[in-house]
Structure formats: structure tokens, C-alpha cells
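Undergrad: What follows is a structure written as C-alpha cells; I'll ask about it next.
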Amino acid sequence: MTEHRKNSLTQAVDILNANLIFVTGAAILEIGMYFYGHWMLILPAFIGKIIFYSAVYGMLAEIASGESIVSDPVRLSVNVKYYRKTTVFIIMLPLITHFLLFVLFSTATFSLILINWVGMVFFSTFSAFIFTHQKYGKNMQKADRKAQMGFSDAAFLAGSLTLSLGGFFLYKNVETFAPQFAGVVYFLHAYIALLVYVYIVCRVLDAHPEIRQQYTFEREIYLVNPRDGGRIIFHWASVLFIRTSQPGWITVIRSLTPESYHIRVFTRVAWHRRYYAPGKLVGITCSMSNMSPAAYKLAKEFKRQGSTVVMGGLHIQAFPDEALEYCDSVVIGEAEGVWGQVLKDYENNCLQQKYYSHMDENIYKDVHAYQMNLSPSIIRENILTNKGCKYQCYFCAAKNLNTLPYVKPAGEVVELVQRMAEGHDKFTFLDNNLYTTPEYLKDLFQRLKPLKIKWLAASTLEIAEDDELLTLAKESGCKLLYLGYELVPNANDSSQNEGKLSKVPEYLTISRKIHKKGISIRAHYIMGFDIQGVRAFWDLFVFNFRLRPLFNGIFILTPLPGSPFFRDVLPQNRITTLNWRNYDTGTLVFKPKKIPDFMLKKPLFSLYIIILFIFTTRFGWVMGLLLILFGFF
Ligand code: B12
Ligand code: SF4
């Protein structure tokens, strides 16, 4: 093989290995069609194939050309729109071939399955030509230039064909003797089919270098949102199902970056080595401490490959020097005050190690103007009124969010909601605590009222103290509030008063007002405070039973970097691990004073959470009933 062709093969394998999810999808589709091939399923299966292949063929061509680097749910759905007709034609081809062969030879030898397995090498090749030309045909400068297919390409196709044929006969045997392996054979079959497709796309693109050039940028920024420390299974679920496209920090950085930079975003990505690249400016966030192991790993590798790495976010703000062991620069605080300077220094090759954000009342201006041009779906995930919190709870990392004096003008928030309402009717405020001042909120809610949207927010209980404010919240579309309750003994003792705790005796009275207004509550609790003993479990149960929220969130007290609790507990030698991956507020990482460790660990703590959920929340009754019904049947 010539160097070029070898590169195409390596590239195709690389692309496919980074997108094994598509291979799995193709295999599942085929297995489903074969094993559950009831005639009633023919139409849904046909539609499923059209959606799948138009999305995936389109996306793989974009990845091979460099137009995209990672698969993106939005692009996938756009591709369905553009390529569904082509896909219908491609899917019909094997069926027509089968029909013709059947008519010509009137024999069942050319069964549909055989055509499907053997023909796939031809159909993948054919699809690759069609898709690449349909996608990039108008950008191909030399329309007469053809992909130079030679002996080695033919050898590759013949090899794939042989493997596929082998797969078919293997399948026939496996099906009889070891049906449990049928899935593996189908997976290999799908792999070869898609590999042939990507290989041919790469070969066509080799013949038209102007296409890849179009997607090679001199000044390029990669913005990377690493996976958090949560379980890998949840990460995969979020990669697959959650269409979150642009976290808040990426919106901010995009709005502050001049158009001369091309920006690529990596969020909810199962990382693959092909995403590393030299010569880029790479921005990595680390807002949650449990993201930091993944974030540092990425930073280190990007640096090793010759890119420049800047990190930011709350964890970095707490430990800038730790981060500097892995990256070139850190931004301490909000990007708004400082990103322009970072870019200038990067261009002049004089990047400093630490940048400190300078805030003023204009922080939301540039971001707002940029946001107004975004799609309703992205806006929906980025609506906030302020980033700080008026309290400084002992256990909370929000203490370091220093933007509180600057609240986004209510008029601008409403403009954004109005724009979002063009595509959605519900959103969640991104604020840590929506409650700033009653005057601001009353003004905001009055303006939101005519938009007839629904909203959710995290807030402190003051939002319900003022009757007029609560009524306005309801009228403006408030459906649910995330409320934190600190159930500590002697809470009305003012020596323990952190401000927020003064509300403890009134928790139930105020919460009932919220329920009366028809607003649901998701109650958040923390377990593990020094003054809590074993009895706290019972107290929480009783309190939640009386409150009857829709859901709860129960978290284990965690010395989050940046919180006063972390500062105090560290010298006491009570921290049991400094592996940040465990700082997810669901894992015990310090020695509690009065509660025995095992009560805050699995399986007991998980069992407690389930019991609490079923017996004390509004939604839990439904779940409990379902469990009983399932158990009964
Ligand atoms: C939305 C959110 C989430 C979302 C998604 C988070 C994400 N980033 O993808 C979800 C719901 C998934 C989530 C989950 C959790 N979260 Co959360 N979350 C938030 C929240 C409310 C808003 C984050 C946000 O988007 N803010 C708006 C943007 C614009 O601000 P920003 O992210 O801070 O970014 C700015 C600066 O930090 C800086 N910056 C940030 N990154 C970068 C990168 C570069 C290169 C530069 C230059 C600058 C920069 O500039 C940005 C622009 O101004 C924050 C609280 C808050 N207000 O920050 C908590 C917060 C980040 N979460 C927190 C925690 C603890 C969690 C959980 C671990 C546990 C929990 N109990 O919720 C879970 C994770 C569970 C798991 N699976 O492990 C803590 C983090 C504390 C810490 N040190 O770890 C926070 C601070 C809440 C708190 N008050 O304690 N969270
Ligand atoms: S726990 Fe809630 S109220 Fe307390 S500082 Fe954090 S965000 Fe504010």
C-alpha cells in the first residue's frame, strides 16, 4: 500500500474506534431486524434504518473531513434531515437486488441475509461515494478529479468481502450451536461495513485535499468539559441521551473570543486519543473537584502533544498551583474579566501563569449580546441572574463565586427567556441561589408573567417569606424550587447561626406556603455535620414526612475545596482521601464526629435514601406502589 492508502486505513480505523457507539447501534439494528423480523416491524425497522444511517453516514463523513471532530447530537439530527432521501435509495438497493435475483433465478440461495452480509462491502463503498459527493461536491474544486483507486484499495475491499463472507458462515454456525455469540458476529459485521464506508470516504477526500484544507484552521481553540468523577455508566448515558450542547463557561468564552479563532467544543465526550492535537489553545474547565483527575490527564496530554493549555473553574480557583503542574496558565475567577488578555498574551507568546479576573457591572454585556444569537435550546441551558450567593455556608464552595454584586439586568434575562420561548416553554435558572433581593425578583417575575413559560430554580427559603413575591413567582411560571434544609439540633441557638440557619424553626411553615401556592419542592439535605448524631437519620425522616416534597437530594457532607469546612477539617487530619474523584458529595471522604462511618456508606446509606424516597416524598408513593405491583405480578 502506498503511504497515502495506509494513512486512510489508519485514519478509518481511528475514526471508527472513537465512534464504536455507531457500530454498536448498527449491530443492534441488524440483530433486531433479524431476530424480531415480524412483518409488523418492517415499517418501523425501515424508518429506524433511514434515521440511523442518514445520521451516522453524514456524521462519519464530517469526522473524516475534519468538519467535526467528535460526533454531535445536533449534527446527527441535521444530517437526518439532509440525507434521508439518499438513505432510502441506498437501503432499497439490496432489497431490489434481492428481488431481481429471486425473479431471475427463482431460488432462495440468494437469501436476503446473504445479500445483506456480502453485499454490504459494495453498498458501503457505493454509499461512501454518494455521501461524500453529496456533502462536499460543491466544494470540490476540480470536479473532474477522481479518487485514484488502485490495487491496494481492491485488496482492502476483497479482504473485507472475505471477512464478511467468513462472518456469514460463522454466523450460520454460531446461530445453531452458540446463539449467545451471535451478537459478537453481528458487531464484527457492522464494524467491517462501517470501516469500508469510512475508508472509501477517506480515499475520496485524499483525492480532494481542498476539502480537508477548508477545515484546517490556523488559530484554533479547543474547549474541553471533562467528564466528572461520577460513574462511567452515567457518563455514557449522558453522552448518549443528554443533548446538553453548551455549558455556561463555554458560552462565556465563545462570546469573548474574536471571530478570527475557530472554536471546537468537547463536551459529554467519551475521550479518545485522536482528539488530542498539537498547536491548539486548549481551555479546560474544572468547576467541580471530582472532574479534576480527568481534567489534569487531558491537560497533561495536550501539553505533551504541543498545545497550550489554560484551565479555569472553581477547583482551579481553590488550587491554582496544583493545576499549574499540568497546564500552562490558570484563570482565577470568572473568564469575563480576563479572557481577552489571555488571548492577547497567547498571540504574543507571553502567556502568564496566573490570571486574576476583574469584575465590574458590565460582565454580562458581551455574553448577553452573543447569547441572543444562539438557538433556543442552547439559551435554555444558560439562563442565570447571578453566579454567586448572598450566604456563605460553611460547607459550600460557592463562597468563592465573587460575582454577587453584579446581577444580570432583569430586562436582559427576560429578553433571553423570550428568545428561548421560540423553541421551548420550560427552563431551569443556572443560579446557585436565585434569591438576591425581593425588589429585583419582583421586577423579574412581573416581566416574565406575560411570556407564559415554566421555570425551575435553586433558591433559599426567603423567596416564600414575602407573600407578594411568592404569588408573583407562581404567576410567572415557577413550577419547582430546589431548596436546601439544614436540619441541625439546636438550630435556633444563635451561636451556630450562619444566617441561613435562622430559618430552621420556620422551615415547615414557609415550605407549606410554597406547596399551597402549587409550587413543588425538591428538598436537599446534607448528612454528616459534626453536631449530627445517629438520631439525625430519624429527624430527617420525620421532617421529610411532614414536608412531603416531590423529590429529595440527600448529600454527604464533603469538604469541598474552597469551602471553609475544607480549610478547617484539613489540619484536623480528618480527611480520609484527597482523591478528588471521590468529592462527589455521594462518597464519605472525611471522618464524621458522631455518626459512625458505615451509616454514611453503601449499602446502608443507599438503603436509607431509597426508604426515605418511597415513604416520605410525593413521587415516592407512586414508585413504592409500582414496586409492590411488580413484586406482586
Ligand atoms: C450547572 C451545575 C451542575 C450541572 C452541570 C455542571 C457542568 N459544568 O457541566 C450538574 C447538574 C450536572 C451538576 C452536578 C454536580 N455538581 Co454542580 N453546579 C452547577 C452550577 C449550579 C452552575 C455551573 C455553571 O454552569 N455556572 C455558570 C458558568 C458561567 O460559571 P462557571 O462554570 O463557574 O464558569 C465560570 C468560571 O468558573 C470560569 N471558568 C470555568 N471554567 C473555565 C475554563 C477556562 C479555560 C477559563 C478561562 C475560565 C473558566 O469562567 C466561567 C465563566 O464566567 C454550579 C454552581 C455555580 N453557580 O457555579 C454547581 C457546582 C459547580 N456543582 C457542584 C457540585 C459539588 C456538583 C456535584 C459534584 C454534586 C452535587 N451535589 O451537585 C454534581 C456532580 C455529580 C456527579 N455526577 O459527579 C459544586 C462544585 C464544588 C466543587 N469544588 O466541587 C458547585 C460549585 C455548587 C456548589 N455551590 O457547591 N452541577
Ligand atoms: S449552600 Fe446554598 S445558600 Fe449556602 S452558600 Fe451555598 S449556594 Fe448559598
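Residue numbers start at 1 in each chain; chains themselves are named A, B, ... in the order of the C-alpha cells; ligands are numbered from 1 in the order shown.
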Enumerate residues in contact with ligand 1: an atom-to-atom distance of at most 6 Å, counting only C-alpha atoms and all ligand atoms. Format the result as a PyMOL selection string.
TA: chain A and resi 228-230+247-249+252+283-289+310-315+331+333-336+387+396-398+430-432+560-561+584-585
Undergrad: Set the distance at 8 Å and use only C-alpha atoms: which residues neighbour range 362-366 of chain A once local chain neighbours fewer than 5 positions away are removed? I'd like the list as a PDB file with N, CA and C atoms, in the first residue's frame.
TA:
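Result saved to around_7.pdb:
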```
ATOM      1  N   SER A 255     -18.329  33.879  23.685  1.00  0.00           N
ATOM      2  CA  SER A 255     -18.770  35.257  23.466  1.00  0.00           C
ATOM      3  C   SER A 255     -17.595  36.228  23.540  1.00  0.00           C
ATOM      4  N   LEU A 256     -16.524  35.849  24.238  1.00  0.00           N
ATOM      5  CA  LEU A 256     -15.394  36.768  24.420  1.00  0.00           C
ATOM      6  C   LEU A 256     -14.264  36.514  23.429  1.00  0.00           C
ATOM      7  N   GLU A 336     -14.866  36.332  32.311  1.00  0.00           N
ATOM      8  CA  GLU A 336     -15.318  37.595  31.730  1.00  0.00           C
ATOM      9  C   GLU A 336     -14.279  38.713  31.831  1.00  0.00           C
ATOM     10  N   GLY A 337     -13.655  38.842  33.014  1.00  0.00           N
ATOM     11  CA  GLY A 337     -12.762  39.974  33.193  1.00  0.00           C
ATOM     12  C   GLY A 337     -11.406  39.803  32.533  1.00  0.00           C
ATOM     13  N   TYR A 406     -22.904  41.804  41.142  1.00  0.00           N
ATOM     14  CA  TYR A 406     -23.350  42.076  39.779  1.00  0.00           C
ATOM     15  C   TYR A 406     -24.439  41.110  39.376  1.00  0.00           C
ATOM     16  N   LYS A 408     -27.460  40.204  36.713  1.00  0.00           N
ATOM     17  CA  LYS A 408     -27.780  40.477  35.315  1.00  0.00           C
ATOM     18  C   LYS A 408     -29.067  41.295  35.248  1.00  0.00           C
TER      19      LYS A 408
END
```
Undergrad: So that each row is one residue of chain A with an atom at most 10 Å from ligand 2, can you give its shortest atom pair and the distance in Å to one decimal, using only C-alpha atoms and all ligand atoms, rows by chain and rising number, as a Markdown table?
TA:
```
| residue | atom | partner | partner_atom_place_in_ligand_line | distance |
| --- | --- | --- | --- | --- |
| A:Lys387 | CA | ligand 2 | 7 (S) | 9.5 |
| A:Gly388 | CA | ligand 2 | 7 (S) | 7.5 |
| A:Cys389 | CA | ligand 2 | 8 (Fe) | 4.6 |
| A:Lys390 | CA | ligand 2 | 8 (Fe) | 6.3 |
| A:Tyr391 | CA | ligand 2 | 5 (S) | 4.5 |
| A:Gln392 | CA | ligand 2 | 5 (S) | 4.1 |
| A:Cys393 | CA | ligand 2 | 4 (Fe) | 4.1 |
| A:Tyr394 | CA | ligand 2 | 5 (S) | 7.5 |
| A:Phe395 | CA | ligand 2 | 1 (S) | 7.0 |
| A:Cys396 | CA | ligand 2 | 6 (Fe) | 4.5 |
| A:Ala397 | CA | ligand 2 | 6 (Fe) | 6.6 |
| A:Ala398 | CA | ligand 2 | 6 (Fe) | 5.1 |
| A:Lys399 | CA | ligand 2 | 5 (S) | 6.0 |
| A:Asn400 | CA | ligand 2 | 5 (S) | 9.4 |
| A:Leu401 | CA | ligand 2 | 5 (S) | 9.5 |
| A:Asp431 | CA | ligand 2 | 7 (S) | 8.5 |
| A:Asn432 | CA | ligand 2 | 7 (S) | 4.9 |
| A:Asn433 | CA | ligand 2 | 7 (S) | 5.5 |
| A:Leu434 | CA | ligand 2 | 7 (S) | 9.2 |
| A:Tyr435 | CA | ligand 2 | 3 (S) | 9.2 |
| A:Ala458 | CA | ligand 2 | 2 (Fe) | 8.2 |
| A:Ser459 | CA | ligand 2 | 2 (Fe) | 7.5 |
| A:Thr460 | CA | ligand 2 | 3 (S) | 6.1 |
| A:Leu461 | CA | ligand 2 | 3 (S) | 9.4 |
| A:Tyr482 | CA | ligand 2 | 2 (Fe) | 9.9 |
| A:Leu483 | CA | ligand 2 | 2 (Fe) | 8.4 |
| A:Gly484 | CA | ligand 2 | 2 (Fe) | 6.7 |
| A:Tyr485 | CA | ligand 2 | 1 (S) | 9.3 |
| A:Glu486 | CA | ligand 2 | 1 (S) | 9.3 |
| A:Glu498 | CA | ligand 2 | 4 (Fe) | 8.9 |
| A:Gly499 | CA | ligand 2 | 4 (Fe) | 9.2 |
| A:Lys500 | CA | ligand 2 | 3 (S) | 6.9 |
| A:Leu501 | CA | ligand 2 | 4 (Fe) | 9.8 |
| A:His524 | CA | ligand 2 | 1 (S) | 9.9 |
| A:Ile526 | CA | ligand 2 | 1 (S) | 9.8 |
| A:Ser563 | CA | ligand 2 | 5 (S) | 9.3 |
```
Undergrad: Run DSSP on the backbone and tell me which residues of range 315-483 of chain A come out as alpha helix (DSSP H); list them as a ChimeraX atom specification.
TA: /A:315-318,320-324,339-347,365-371,376-380,410-420,438-448,467-475
Undergrad: Which residue, A:Ile47, A:Val204, A:Val309, A:Ile21, has the smallest gap to Val269 in chain A when you use only C-alpha atoms?
TA: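 For Val269 in chain A, the nearest of the candidates is A:Ile21.
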Undergrad: Do a neighbour search on Asn573 in chain A at 12 Å with only C-alpha atoms, toss out local chain neighbours closer than 6 positions, and write the hits as a PyMOL selection string.
TA: chain A and resi 566-567+589-592
Undergrad: Generate a file of the selected residues that holds all heavy atoms, formatted as an mmCIF file, in the first residue's frame.
TA:
```cif
data_model
loop_
_atom_site.group_PDB
_atom_site.id
_atom_site.type_symbol
_atom_site.label_atom_id
_atom_site.label_comp_id
_atom_site.auth_asym_id
_atom_site.auth_seq_id
_atom_site.Cartn_x
_atom_site.Cartn_y
_atom_site.Cartn_z
ATOM 1 N N PHE A 566 -13.479 22.773 54.366
ATOM 2 C CA PHE A 566 -12.245 22.140 53.910
ATOM 3 C C PHE A 566 -11.047 22.734 54.666
ATOM 4 O O PHE A 566 -10.190 22.010 55.183
ATOM 5 C CB PHE A 566 -12.070 22.355 52.399
ATOM 6 C CG PHE A 566 -10.814 21.742 51.848
ATOM 7 C CD1 PHE A 566 -10.764 20.390 51.558
ATOM 8 C CD2 PHE A 566 -9.665 22.498 51.638
ATOM 9 C CE1 PHE A 566 -9.610 19.801 51.070
ATOM 10 C CE2 PHE A 566 -8.508 21.925 51.145
ATOM 11 C CZ PHE A 566 -8.491 20.563 50.859
ATOM 12 N N ARG A 567 -11.054 24.066 54.727
ATOM 13 C CA ARG A 567 -9.936 24.753 55.393
ATOM 14 C C ARG A 567 -9.811 24.286 56.839
ATOM 15 O O ARG A 567 -8.717 24.048 57.332
ATOM 16 C CB ARG A 567 -10.224 26.264 55.325
ATOM 17 C CG ARG A 567 -9.165 27.177 55.889
ATOM 18 C CD ARG A 567 -9.776 28.515 56.221
ATOM 19 N NE ARG A 567 -10.912 28.370 57.130
ATOM 20 C CZ ARG A 567 -11.968 29.175 57.148
ATOM 21 N NH1 ARG A 567 -12.062 30.172 56.304
ATOM 22 N NH2 ARG A 567 -12.947 28.985 58.033
ATOM 23 N N VAL A 589 -15.700 11.228 52.538
ATOM 24 C CA VAL A 589 -14.255 11.444 52.367
ATOM 25 C C VAL A 589 -13.607 12.032 53.628
ATOM 26 O O VAL A 589 -12.456 12.435 53.622
ATOM 27 C CB VAL A 589 -13.963 12.365 51.151
ATOM 28 C CG1 VAL A 589 -14.365 11.718 49.861
ATOM 29 C CG2 VAL A 589 -14.636 13.728 51.304
ATOM 30 N N PHE A 590 -14.371 12.093 54.725
ATOM 31 C CA PHE A 590 -13.765 12.577 55.975
ATOM 32 C C PHE A 590 -14.369 11.786 57.137
ATOM 33 O O PHE A 590 -15.357 11.078 56.960
ATOM 34 C CB PHE A 590 -14.011 14.079 56.149
ATOM 35 C CG PHE A 590 -15.377 14.404 56.666
ATOM 36 C CD1 PHE A 590 -15.575 14.862 57.970
ATOM 37 C CD2 PHE A 590 -16.487 14.224 55.864
ATOM 38 C CE1 PHE A 590 -16.848 15.138 58.453
ATOM 39 C CE2 PHE A 590 -17.762 14.497 56.336
ATOM 40 C CZ PHE A 590 -17.941 14.953 57.621
ATOM 41 N N LYS A 591 -13.757 11.916 58.306
ATOM 42 C CA LYS A 591 -14.281 11.174 59.464
ATOM 43 C C LYS A 591 -15.310 12.034 60.187
ATOM 44 O O LYS A 591 -14.969 13.070 60.756
ATOM 45 C CB LYS A 591 -13.136 10.841 60.426
ATOM 46 C CG LYS A 591 -12.368 9.608 60.032
ATOM 47 C CD LYS A 591 -11.667 8.940 61.208
ATOM 48 C CE LYS A 591 -12.475 7.985 62.030
ATOM 49 N NZ LYS A 591 -13.310 7.019 61.362
ATOM 50 N N PRO A 592 -16.580 11.631 60.147
ATOM 51 C CA PRO A 592 -17.578 12.425 60.868
ATOM 52 C C PRO A 592 -17.384 12.283 62.370
ATOM 53 O O PRO A 592 -16.782 11.312 62.824
ATOM 54 C CB PRO A 592 -18.906 11.814 60.413
ATOM 55 C CG PRO A 592 -18.589 10.575 59.692
ATOM 56 C CD PRO A 592 -17.120 10.450 59.491
#
```
Undergrad: Give me, as a PDB file with N, CA and C atoms, in the first residue's frame, the residues of range 277-354 of chain A that a backbone DSSP run labels strand (DSSP E or B).
TA:
```pdb
ATOM      1  N   LEU A 281      -4.885  26.178  21.218  1.00  0.00           N
ATOM      2  CA  LEU A 281      -5.049  26.755  22.542  1.00  0.00           C
ATOM      3  C   LEU A 281      -6.197  25.971  23.172  1.00  0.00           C
ATOM      4  N   VAL A 282      -5.898  25.273  24.251  1.00  0.00           N
ATOM      5  CA  VAL A 282      -6.915  24.383  24.838  1.00  0.00           C
ATOM      6  C   VAL A 282      -7.390  24.960  26.172  1.00  0.00           C
ATOM      7  N   GLY A 283      -8.692  25.187  26.279  1.00  0.00           N
ATOM      8  CA  GLY A 283      -9.278  25.666  27.537  1.00  0.00           C
ATOM      9  C   GLY A 283     -10.001  24.502  28.188  1.00  0.00           C
ATOM     10  N   ILE A 284      -9.636  24.192  29.432  1.00  0.00           N
ATOM     11  CA  ILE A 284     -10.286  23.068  30.121  1.00  0.00           C
ATOM     12  C   ILE A 284     -10.931  23.587  31.401  1.00  0.00           C
ATOM     13  N   THR A 285     -12.181  23.206  31.613  1.00  0.00           N
ATOM     14  CA  THR A 285     -12.834  23.649  32.846  1.00  0.00           C
ATOM     15  C   THR A 285     -12.650  22.623  33.941  1.00  0.00           C
ATOM     16  N   THR A 308      -1.152  24.513  23.917  1.00  0.00           N
ATOM     17  CA  THR A 308      -1.051  25.361  25.100  1.00  0.00           C
ATOM     18  C   THR A 308      -2.341  25.209  25.893  1.00  0.00           C
ATOM     19  N   VAL A 309      -2.213  24.950  27.197  1.00  0.00           N
ATOM     20  CA  VAL A 309      -3.416  24.634  27.975  1.00  0.00           C
ATOM     21  C   VAL A 309      -3.680  25.683  29.064  1.00  0.00           C
ATOM     22  N   VAL A 310      -4.929  26.201  29.055  1.00  0.00           N
ATOM     23  CA  VAL A 310      -5.364  27.135  30.095  1.00  0.00           C
ATOM     24  C   VAL A 310      -6.522  26.479  30.843  1.00  0.00           C
ATOM     25  N   MET A 311      -6.472  26.542  32.179  1.00  0.00           N
ATOM     26  CA  MET A 311      -7.566  25.933  32.945  1.00  0.00           C
ATOM     27  C   MET A 311      -8.276  26.973  33.804  1.00  0.00           C
ATOM     28  N   GLY A 312      -9.539  26.697  34.110  1.00  0.00           N
ATOM     29  CA  GLY A 312     -10.306  27.602  34.961  1.00  0.00           C
ATOM     30  C   GLY A 312     -11.417  26.832  35.642  1.00  0.00           C
ATOM     31  N   SER A 329      -1.382  27.828  32.046  1.00  0.00           N
ATOM     32  CA  SER A 329      -1.928  29.009  32.715  1.00  0.00           C
ATOM     33  C   SER A 329      -3.222  28.673  33.413  1.00  0.00           C
ATOM     34  N   VAL A 330      -3.537  29.451  34.453  1.00  0.00           N
ATOM     35  CA  VAL A 330      -4.838  29.271  35.097  1.00  0.00           C
ATOM     36  C   VAL A 330      -5.547  30.618  35.185  1.00  0.00           C
ATOM     37  N   VAL A 331      -6.872  30.557  35.067  1.00  0.00           N
ATOM     38  CA  VAL A 331      -7.673  31.760  35.267  1.00  0.00           C
ATOM     39  C   VAL A 331      -8.350  31.615  36.618  1.00  0.00           C
ATOM     40  N   ILE A 332      -8.098  32.584  37.498  1.00  0.00           N
ATOM     41  CA  ILE A 332      -8.664  32.511  38.840  1.00  0.00           C
ATOM     42  C   ILE A 332      -9.855  33.465  38.883  1.00  0.00           C
ATOM     43  N   LYS A 354      -0.634  32.927  36.009  1.00  0.00           N
ATOM     44  CA  LYS A 354      -1.906  33.143  36.713  1.00  0.00           C
ATOM     45  C   LYS A 354      -2.581  34.418  36.215  1.00  0.00           C
TER      46      LYS A 354
END
```
Undergrad: If you take only C-alpha atoms and a cut-off of 8 Å, which residues of range 470-580 of chain A touch range 611-623 of chain A, and what are their nearest atom pairs and distances in Å to one decimal, in chain and number order, as CSV?
TA:
```
residue,atom,partner,partner_atom,distance
A:Phe541,CA,A:Leu612,CA,6.3
A:Asn544,CA,A:Thr616,CA,5.8
A:Phe545,CA,A:Thr616,CA,4.4
A:Arg546,CA,A:Thr616,CA,7.8
A:Arg548,CA,A:Thr617,CA,4.9
A:Pro549,CA,A:Thr617,CA,5.2
A:Leu550,CA,A:Arg618,CA,4.7
A:Phe551,CA,A:Thr617,CA,5.7
A:Asn552,CA,A:Phe613,CA,7.0
```
Undergrad: My list of candidates is A:Ala154, A:Met372, A:Val407, A:Leu223. Which is closest to Asn386 in chain A when distances are computed with only C-alpha atoms?
TA: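 Closest to Asn386 in chain A, using only C-alpha atoms: A:Val407.
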Undergrad: Quick one: which range 297-406 of chain A residues come within 12 Å of range 446-455 of chain A, and what is the nearest atom pair for each with the distance in Å to one decimal, counting only C-alpha atoms, rows ordered by chain and ascending number, as a tab-separated table?
TA:
```
residue	atom	partner	partner_atom	distance
A:Arg380	CA	A:Trp455	CA	10.3
A:Glu381	CA	A:Trp455	CA	11.8
A:Ile383	CA	A:Trp455	CA	10.5
A:Leu384	CA	A:Trp455	CA	11.6
```
Undergrad: Would you write out those residues with all heavy atoms, as an mmCIF file, in the first residue's frame?
TA:
```
data_model
loop_
_atom_site.group_PDB
_atom_site.id
_atom_site.type_symbol
_atom_site.label_atom_id
_atom_site.label_comp_id
_atom_site.auth_asym_id
_atom_site.auth_seq_id
_atom_site.Cartn_x
_atom_site.Cartn_y
_atom_site.Cartn_z
ATOM 1 N N ARG A 380 -31.614 27.996 26.590
ATOM 2 C CA ARG A 380 -32.360 27.354 27.675
ATOM 3 C C ARG A 380 -31.439 26.827 28.782
ATOM 4 O O ARG A 380 -31.794 26.814 29.957
ATOM 5 C CB ARG A 380 -33.124 26.190 27.045
ATOM 6 C CG ARG A 380 -34.010 25.462 27.935
ATOM 7 C CD ARG A 380 -34.806 24.521 27.096
ATOM 8 N NE ARG A 380 -35.631 23.701 27.945
ATOM 9 C CZ ARG A 380 -35.547 22.394 27.993
ATOM 10 N NH1 ARG A 380 -34.708 21.750 27.226
ATOM 11 N NH2 ARG A 380 -36.326 21.717 28.783
ATOM 12 N N GLU A 381 -30.222 26.409 28.404
ATOM 13 C CA GLU A 381 -29.303 25.840 29.402
ATOM 14 C C GLU A 381 -28.409 26.903 30.028
ATOM 15 O O GLU A 381 -27.529 26.591 30.813
ATOM 16 C CB GLU A 381 -28.394 24.807 28.726
ATOM 17 C CG GLU A 381 -29.148 23.611 28.244
ATOM 18 C CD GLU A 381 -28.402 22.884 27.156
ATOM 19 O OE1 GLU A 381 -27.279 23.284 26.811
ATOM 20 O OE2 GLU A 381 -28.962 21.913 26.637
ATOM 21 N N ILE A 383 -29.480 30.266 31.208
ATOM 22 C CA ILE A 383 -30.141 31.455 31.749
ATOM 23 C C ILE A 383 -29.830 31.579 33.238
ATOM 24 O O ILE A 383 -30.087 30.662 34.009
ATOM 25 C CB ILE A 383 -31.668 31.376 31.522
ATOM 26 C CG1 ILE A 383 -31.941 31.318 30.015
ATOM 27 C CG2 ILE A 383 -32.376 32.573 32.153
ATOM 28 C CD1 ILE A 383 -33.381 31.097 29.637
ATOM 29 N N LEU A 384 -29.226 32.697 33.621
ATOM 30 C CA LEU A 384 -28.956 32.933 35.042
ATOM 31 C C LEU A 384 -29.145 34.404 35.377
ATOM 32 O O LEU A 384 -29.103 35.257 34.493
ATOM 33 C CB LEU A 384 -27.560 32.448 35.440
ATOM 34 C CG LEU A 384 -26.313 32.910 34.711
ATOM 35 C CD1 LEU A 384 -25.946 34.335 35.054
ATOM 36 C CD2 LEU A 384 -25.149 32.029 35.127
#
```
Undergrad: What is the distance between CA of Lys474 in chain A and CA of Val367 in chain A, in Å to one decimal?
TA: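 Taking CA of Lys474 in chain A as the start and CA of Val367 in chain A as the end point, the length is 28.4 Å.
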Undergrad: Quick one: pull the distance between CA of Pro603 in chain A and CA of Ile556 in chain A, Å, one decimal.
TA: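 CA of Ile556 in chain A lies at a distance of 13.9 Å from CA of Pro603 in chain A.
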Undergrad: Which of these, A:Val488, A:Ile50, A:Met291, A:Leu41, has the shortest distance to Val534 in chain A once you count only C-alpha atoms?
TA: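 Between A:Val488, A:Ile50, A:Met291, A:Leu41, the residue approaching Val534 in chain A most closely is A:Val488.
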Undergrad: Which residue gives the smallest distance to Glu259 in chain A among A:Ile221, A:Val342, A:Met40, A:Ala27, with only C-alpha atoms counted?
TA: A:Ile221
Undergrad: Rank nothing, just name the residue among A:Asp539, A:Pro258, A:Glu210, A:Lys479 nearest to Lys138 in chain A, using only C-alpha atoms.
TA: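 Going through A:Asp539, A:Pro258, A:Glu210, A:Lys479 one by one, the smallest distance to Lys138 in chain A is for A:Glu210.
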Undergrad: Quick one: pull the distance between CA of Ala277 in chain A and CA of Tyr326 in chain A, Å, one decimal.
TA: 16.2 Å
